[in-house]
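Notes to accompany the following structure.
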Amino acid sequence: MTLVIAVVAIVVALASYLTWMAGRLDRLAIRVEAAASALDAQLIRRALVAYELSADPGHGDLQAAARLALDERTGGLDRSSVESDLSRELRAAPEVAANDEMAIAARKVMFARQFHNDAVRDLLALRQRWVVRVLHLYGRARPPSYVEFDADEPTG
Amino acid sequence: MRIGLACPYSWDVPGGVQVHVHDLAETLLRQGHDVSVITPVDDEDLLPPYAVSAGKAMSVPYNGSVTRILFGPLSASRVRRWVREGSFDVVHAHEPTAPSVSLLACLAASGPLVATYHTSNPRSRILTMLQGPLQLALEKVWANIAVSEAARRTVVEHLGVDAVLIPNGVDVAAFAAASPLPELASSRPTIVFVGRIDEPRKGLAVLLEALPMIATAVPDVRLLVAGPGDVSEVEAELDPAIRDRVHMLGLVSDADKPRVFRSADVYVAPNTGQESFGIVLLEAMAAGTPVVASDIDAFRRVLDDGRAGRLFANENPASLAEVMIEVLTSPDIRRDLAEAGSKVVQQYDWSSVAVEIVQVYETVTQDPMLQD
């Protein structure tokens with residue numbers, strides 16, 4: 001009898017632990033997803049603002065880089081190099097980078113990239129736990145990946 | 001935007017975090033946001049209309065000083081109710097590693113959550129020890145902010161969390177417009193110290209040791225000491241030679257603080273370490289009071305490497321005396337320092353700092369589909 005109670009108690013404890021752990025994974029996956037879509041939105045916004053502000057002929061390179069960043073979603077381009085190029089072109093055009101709206105867009109990209117990679121790091125750390133790995137608590141979810149590109153604020 | 005701010009320390013006890021939360025809340029309200037603050041408080045009558053009480057805090061020693069915190073089932077349920085009924089676009093928890101309201105808010109939050117780290121403490125064993133349990137709360141945070149490079153380093157090293165840097169703000173206009181307190185008016189050269197008098201790392205002892213040396217060159221110098229702590233204990237230990245030069249003002253209200261700065265010729269910050277940011281230095285600069293400070297990292301940074309305020313060798317009374325004598329005896333130096341300080345402090349005005357914080361809020365609430 002005691003044995004039965006002990007076994008039941010252990011099973012219940014284990015089950016609630018695993019449920020709780022799966023909940024944690026789930027919550028972190030939501031955070032990663034939200035951060036990824038926020039980063040995406042901020043990158044589009046930055047490219048749009050850069051495109052608009054580089055209309056005059058002196059900023060041809062910047063406009064081309066902004067255009068590429070906008071096309072990237074449809075064209076299957078390498079995101080990291082496209083976004084890094086745009087950051088570089090913005091640094092090369094300080095008069096555009098100094099524009100208020102441009103500065104805000106660039107700073108938000110920096111924030112969004114940081115918050116995204118923080119979320120990825122937290123989720124990866126939890127996925128590496130022994131119990132999570134062995135029992136595949138994350139189901140079929142693919143491991144998240146960091147987004148790396150040059151996003152230094154153009155105005156320093 | 002609907003913003004919920006969680007403050008871990010008692011609202012009616014002065015402290016950098018409380019002032020930060022208060023000023024941020026007022027600035028956000030002025031900018032048209034909807035703000036609610038939850039905080040421990042002893043006397044609920046002292047709460048502004050936008051703040052709610054999480055209960056009374058108790059005193060515990062933490063991180064080398066006495067901290068008043070709040071943690072328990074009753075406060076936990078109050079914080080949960082605040083989060084639920086507030087239906088905030090974003091919850092912003094300050095100093096979430098303190099066992100208090102902010103940590104409870106992290107645990108209760110389910111949507112966009114922002115955390116700000118204020119403390120720097122390179123040797124915190126407690127933080128390292130608690131890293132596991134804290135991880136549960138901190139992995140719910142969507143965006144981390146540190147108020148200084150030192151605070152950022154602390155969270156990176158102890159918690160494995162990275163943060164964006166947004167400095168503390170100061171209400172520059174309020175400090176600049178204050179008038180000196182008539183009861184403190186005097187033609188004598190006046191130094192002011194602001195901070196807890198019984199907390200060794202605030203460095204009052206270094207200053208009191210330097211005072212006799214200063215008095216040999218500036219005979220009628222006087223020192224105003226503003227800050228909470230046991231006044232009689234400090235007075236009893238005063239060197240009799242300087243007793244009549246030291247005026248203990250005790251705890252000064254937030255309203256009087258700018259006026260105390262304006263009543264002095266020089267503000268001195270002899271802090272010996274563990275300061276992550278020099279908010280009081282900024283307040284003195286905003287008031288137009290020249291600053292003399294120890295050369296710890298955080299102060300060196302805020303004072304632009306000595307250009308916006310004079311630095312002396314940390315924990316060195318002789319060095320403090322030397323610098324202080326130079327500043328007290330030269331109106332030109334004081335005028336230049338005041339001018340440089342007023343310029344430097346502009347970038348820390350709450351109106352600009354709050355804009356950056358709101359940009360963080362906007363970044364984490366970007367996608368309305370994913371909001372709770």
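We name chains A, B, ... following the order of the structure tokens; residues begin at 1 in each chain, and ligands are numbered from 1 as shown.
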May I have a table of the residues of chain A lying at most 8 Å from chain B, giving each one's closest pair of atoms and their distance in Å to one decimal, counting only C-alpha atoms, ordered by chain and ascending residue number, as CSV?
residue,atom,partner,partner_atom,distance
A:Arg27,CA,B:Lys140,CA,7.8
A:Leu28,CA,B:Lys140,CA,7.3
A:Arg31,CA,B:Trp142,CA,6.8
A:Ala34,CA,B:Leu370,CA,6.3
A:Ala35,CA,B:Val364,CA,7.0
A:Ser37,CA,B:Asp367,CA,6.9
A:Ala38,CA,B:Gln366,CA,5.4
A:Ala41,CA,B:Gln366,CA,7.4
A:Gln42,CA,B:Thr363,CA,7.7
A:Ile104,CA,B:Gln359,CA,7.9
A:Lys108,CA,B:Thr363,CA,6.4
A:Phe111,CA,B:Val360,CA,6.8
A:Ala112,CA,B:Thr363,CA,6.2
A:Gln114,CA,B:Val164,CA,7.6
A:Phe115,CA,B:Ala143,CA,5.5
A:Asp118,CA,B:Asp162,CA,6.8
A:Ala119,CA,B:Trp142,CA,7.1
A:Asp122,CA,B:Glu139,CA,6.3
(message) So that I can see what lies close to range 140-143 of chain A, please list as a count of residues only the residues with an atom at most 10 Å from it, counting only C-alpha atoms and leaving out residues fewer than 5 positions away in the same chain.
(response) 6
(request) Once DSSP has gone over the backbone, tell me which residues of range 169-227 of chain B are in alpha helix (DSSP H), as a list in words. (result) Val172, Ala173, Ala174, Phe175, Ala176, Ala177, Leu204, Ala205, Val206, Leu207, Leu208, Glu209, Ala210, Leu211, Pro212, Met213, Ile214, Ala215, Thr216 and Ala217 of chain B
(request) Could you give me, as a ChimeraX atom specification, the residues within 12 Å of Glu101 in chain A, counting only C-alpha atoms and dropping anything in the same chain fewer than 5 positions from it? (result) /A:45-50,52-53,96,106-108 /B:359
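The smallest atom-to-atom distance between Thr272 in chain B and any of B:Val170, B:Ala93, B:Ala76, B:Ala313, using only C-alpha atoms, is found for B:Ala313.
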(request) Would you list the contacts of Tyr348 in chain B as number ranges by chain, taking every protein, DNA or RNA residue within 9 Å and counting only C-alpha atoms, but skipping same-chain residues closer than 3 positions in sequence? (result) B: 167-172, 282, 344-345, 351-353
(message) DSSP on the backbone, strand (DSSP E) only: what residues of range 14-226 of chain B does that give? Format it as a PyMOL selection string.
(response) chain B and resi 34-39+51-53+58-62+65-69+90-94+113-117+143-146+164-165+190-194+222-226
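Going from CA of Glu183 in chain B over to CA of Ser263 in chain B, you cover 9.4 Å.
Each of B:Ala284, B:Glu157, B:Asp43, B:Pro8 was compared to Leu103 in chain B using only C-alpha atoms, and B:Pro8 turns out to be the nearest.
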